[in-house]
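Q: To start, I am sharing the structure in question, which I have written as structure tokens.
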Amino acid sequence: MVTAVPGAVRGPVITGWSAVSPYGIGRDAFVEGALSGRATVSALDAEQWTGPDELACLVPDFNVREVLGKKGTRSMDRVTGLAVTTVKELLREETGQDGPFTADEGAALVLGTTTGSAQSMMSLTRDTFVNEAPFYIDPSQFPNTVMNCAAGQCAIWYGLKGPNTTVAAGRASGLLALNYARRLLASGRAQTVLCGAVEEYSTARSWLEWHTRTADEGASVLGEGCAVLRVEPAESLPDGAGLAEVISVTSAVVGQDGITGSLTECVRRALARAGLTPDDIWAVSPSAPAGLAGGHERDALDDVFSCDTPLRIPAPGPIGDTAAATAVFQIAALLSHAERDPQPAGRIALVTAVDRDGVLACALLRLL
């Protein structure tokens with residue numbers, strides 16, 4: 001087992017997290033749901049959701065104006081509301097306050113997404129066609145069509161004055177956002193980073209999925225939610241403080257060897273650069289995408305670990321296909337399992353992400 005060396009230079013540290021998911025709002029709801037594995041699928045109201053889906057995993061009773069209040073939310077769309085609510089929960093859990101919150105000058109935000117809000121984009125585009133003139137649109141809805149709207153609103157609501165970044169890489173978005181956060185801290189551009197990813201359920205997204213799914217992906221149930229981590233430099237913390245050290249994040253694209261070969265090489269490269277072997281890995285959290293991609297991910301992990309069998313912590317499948325938010329939910333599930341078991345302290349976990357458009361990523365985390 002590899003353990004941290006006292007006084008050694010370490011990677012940035014995850015010191016807190018929260019989530020808004022189909023398990024409910026807040027960290028406690030996610031921990032309970034992740035450990036119990038309870039189902040969250042529900043039948044959709046056909047009048048509210050007019051897409052092709054009959055089932056989905058929705059954040060229960062989530063209404064932006066009811067959750068965040070009426071001030072400043074009249075034109076806020078669902079994906080922005082999910083992100084703003086998650087940051088609110090993280091800051092509330094850390095400070096015990098109900099807001100507003102004012103962060104220091106060096107607080108940054110990095111948010112992963114697929115496209116932002118597909119619903120906002122398509123609704124505004126539709127208005128330009130069906131209204132009497134193409135410029136007869138509701139101007140208050142226009143900011144929602146910009147991919148970085150959710151990240152910008154989080155910064156405005158909570159006084160985050162550091163770098164504000166949106167990363168779009170499908171199911172790998174969460175890990176690439178974590179890598180971006182790591183680089184911000186390493187370069188001194190921020191003293192603390194709120195890093196996460198968000199995905200909404202909407203009629204537009206359901207139609208996009210309906211038309212773009214391949215035959216092998218089947219009829220997977222769509223989910224939604226947001227998870228946000230607080231990441232800080234190790235040197236600003238007491239030795240051993242925090243939840244997990246981010247040893248590294250490695251990304252790749254699918255090459256001629258396909259998902260299996262490309263992900264195998266990505267994981268082996270990450271281990272080699274960190275001076276680790278497969279024997280050093282305590283647990284693995286695969287992203288488990290639907291269809292053949294999920295099988296290829298399993299094959300890659302079997303190739304890397306051969307006869308070794310690290311603990312497999314499954315992606316939180318009971319909350320549905322959360323797309324861009326998947327990888328951060330994987331980290332949240334990993335931390336949820338670790339906090340109930342003192343044995344993993346000092347051990348290393350691997351998180352992998354596979355997106356159907358060819359983006360691959362893996363992260364090595366040392367639990368503290």
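Ordering of the structure tokens sets the chain letters (A, B, ...), residue numbers begin anew at 1 in every chain, and ligands are numbered from 1 in the order given.
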Quick one: residues within 12 Å of A:Phe135, only C-alpha atoms, excluding same-chain residues fewer than 5 positions away - as a count of residues only?

A: 8

Q: Output as number ranges by chain all residues of stretch 112-286 of chain A that backbone DSSP marks as strand (DSSP E or B).

A: A: 112-113, 164-168, 192-199, 222-223, 225-232, 244-253, 255, 281-285

Q: Using only C-alpha atoms, find the one residue out of A:Leu263, A:Val13, A:Ala19, A:Val41 that sits nearest to A:Lys88.

A: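 Checking each candidate against A:Lys88, we get A:Ala19 as the closest.
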
Q: What is the distance between atom CA of A:Pro286 and atom CA of A:Thr326, in Å to one decimal?

A: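 These two atoms are separated by 10.0 Å.
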
Q: May I have a table of the residues of stretch 127-178 of chain A lying at most 9 Å from stretch 351-363 of chain A, giving each one's closest pair of atoms and their distance in Å to one decimal, counting only C-alpha atoms, ordered by chain and ascending residue number, as a tab-separated table?

A:
```
residue	atom	partner	partner_atom	distance
A:Ala169	CA	A:Val359	CA	6.9
A:Gly170	CA	A:Asp355	CA	5.9
A:Arg171	CA	A:Asp355	CA	5.0
A:Ala172	CA	A:Ala353	CA	5.2
A:Ser173	CA	A:Ala353	CA	8.7
A:Gly174	CA	A:Ala353	CA	8.8
A:Leu175	CA	A:Ala361	CA	6.6
A:Leu176	CA	A:Ala361	CA	7.4
A:Leu178	CA	A:Ala363	CA	8.8
```

Q: Create the file for the chosen residues now, containing all heavy atoms and written as a compact mmCIF listing (two decimals), in the first residue's frame.

A:
```txt
# COMPACT_ATOMS: atom_id res chain seq x y z
N ALA A 169 -17.06 18.31 -22.08
CA ALA A 169 -16.43 17.10 -22.61
C ALA A 169 -17.30 15.88 -22.35
O ALA A 169 -16.80 14.80 -22.07
CB ALA A 169 -15.05 16.91 -22.01
N GLY A 170 -18.62 16.05 -22.40
CA GLY A 170 -19.51 14.93 -22.20
C GLY A 170 -19.33 14.29 -20.84
O GLY A 170 -19.16 14.98 -19.83
N ARG A 171 -19.34 12.96 -20.78
CA ARG A 171 -19.24 12.25 -19.51
C ARG A 171 -17.89 12.43 -18.83
O ARG A 171 -17.76 12.16 -17.63
CB ARG A 171 -19.51 10.75 -19.73
CG ARG A 171 -20.93 10.43 -20.18
CD ARG A 171 -21.05 8.97 -20.56
NE ARG A 171 -20.94 8.09 -19.41
CZ ARG A 171 -21.95 7.70 -18.65
NH1 ARG A 171 -23.18 8.15 -18.91
NH2 ARG A 171 -21.77 6.89 -17.64
N ALA A 172 -16.89 12.88 -19.56
CA ALA A 172 -15.57 13.13 -18.98
C ALA A 172 -15.44 14.54 -18.43
O ALA A 172 -14.38 14.90 -17.90
CB ALA A 172 -14.48 12.86 -20.01
N SER A 173 -16.49 15.35 -18.53
CA SER A 173 -16.39 16.77 -18.15
C SER A 173 -15.93 16.97 -16.72
O SER A 173 -15.12 17.85 -16.42
CB SER A 173 -17.75 17.45 -18.35
OG SER A 173 -18.12 17.47 -19.70
N GLY A 174 -16.44 16.15 -15.79
CA GLY A 174 -16.09 16.32 -14.39
C GLY A 174 -14.61 16.13 -14.12
O GLY A 174 -14.01 16.89 -13.35
N LEU A 175 -14.00 15.13 -14.75
CA LEU A 175 -12.57 14.89 -14.54
C LEU A 175 -11.72 15.95 -15.22
O LEU A 175 -10.69 16.38 -14.68
CB LEU A 175 -12.17 13.49 -15.03
CG LEU A 175 -12.80 12.31 -14.28
CD1 LEU A 175 -12.16 11.00 -14.71
CD2 LEU A 175 -12.67 12.48 -12.77
N LEU A 176 -12.13 16.40 -16.40
CA LEU A 176 -11.38 17.46 -17.06
C LEU A 176 -11.51 18.78 -16.30
O LEU A 176 -10.57 19.58 -16.25
CB LEU A 176 -11.84 17.62 -18.51
CG LEU A 176 -11.04 16.77 -19.53
CD1 LEU A 176 -11.20 15.28 -19.24
CD2 LEU A 176 -11.47 17.07 -20.96
N LEU A 178 -11.81 18.89 -13.05
CA LEU A 178 -10.91 18.70 -11.91
C LEU A 178 -9.47 18.97 -12.31
O LEU A 178 -8.70 19.57 -11.54
CB LEU A 178 -11.07 17.28 -11.37
CG LEU A 178 -10.23 16.91 -10.15
CD1 LEU A 178 -10.58 17.81 -8.96
CD2 LEU A 178 -10.46 15.44 -9.78
```

Q: So which residues of stretch 81-173 of chain A fall under alpha helix (DSSP H) by DSSP, listed as a VMD selection string?

A: chain A and resid 81 to 95 118 to 130 149 to 158 173

Q: Excluding same-chain residues fewer than 3 positions from A:Val146, what lies within 9 Å of it counting only C-alpha atoms, as a PDB file with C-alpha atoms, in the first residue's frame?

A:
```
ATOM      1  CA  THR A 115     -23.781  21.876 -23.889  1.00  0.00           C
ATOM      2  CA  GLY A 116     -25.165  24.067 -21.127  1.00  0.00           C
ATOM      3  CA  SER A 117     -28.949  24.041 -21.434  1.00  0.00           C
ATOM      4  CA  SER A 120     -32.835  27.090 -23.464  1.00  0.00           C
ATOM      5  CA  MET A 121     -30.992  27.013 -26.781  1.00  0.00           C
ATOM      6  CA  PHE A 142     -30.817  34.921 -24.033  1.00  0.00           C
ATOM      7  CA  PRO A 143     -28.130  34.521 -21.312  1.00  0.00           C
ATOM      8  CA  CYS A 149     -24.336  30.843 -17.996  1.00  0.00           C
ATOM      9  CA  ALA A 150     -24.527  28.446 -15.032  1.00  0.00           C
TER      10      ALA A 150
END
```

Q: Measure the distance from atom CA of A:Gly33 to atom CA of A:Trp17 in Å and round it to one decimal.

A: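 Computed distance, atom CA of A:Gly33 to atom CA of A:Trp17, equals 15.4 Å.
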
Q: Could you tell me how far atom CA of A:Val267 lies from atom CA of A:Val304, in Å and to one decimal?

A: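 Here the two named atoms are 7.5 Å from each other.
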
Q: With distances taken over only C-alpha atoms, which of A:Gly320, A:Arg65, A:Ser285, A:Arg10 is nearest to A:Pro22?

A: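 With only C-alpha atoms as the atom set, the closest residue is A:Gly320.
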
Q: What's around stretch 337-348 of chain A at 6 Å? Count only C-alpha atoms, leave out sequence neighbours fewer than 2 positions away in its own chain, and write the answer as a list in words.

A: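 Counting only the stated atoms, we get Thr3, Ile281, Trp282, Leu334, Leu335, Leu365, Arg366, Leu367 and Leu368 of chain A.
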
Q: Within 10 Å of A:Ala332, counting only C-alpha atoms, which residues show up once you throw out same-chain ones fewer than 6 positions away? Write them as a list in words, please.

A: Gly16, Trp17, Ser18, Ala19, Arg27, Phe30, Val31, Ala34, Ala227, Val228, Leu229, Ala315, Pro316, Thr326 and Ala338 of chain A

Q: What lies within 10 Å of A:Glu89 using only C-alpha atoms, ignoring chain neighbours under 3 positions off, as number ranges by chain?

A: A: 17-20, 25-27, 83-86, 92-99, 228

Q: From the list A:Val328, A:Ala197, A:Leu55, A:Leu222, which residue is nearest A:Gly112 when using only C-alpha atoms?

A: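 Checking each of A:Val328, A:Ala197, A:Leu55, A:Leu222 against A:Gly112, counting only C-alpha atoms, the winner is A:Ala197.
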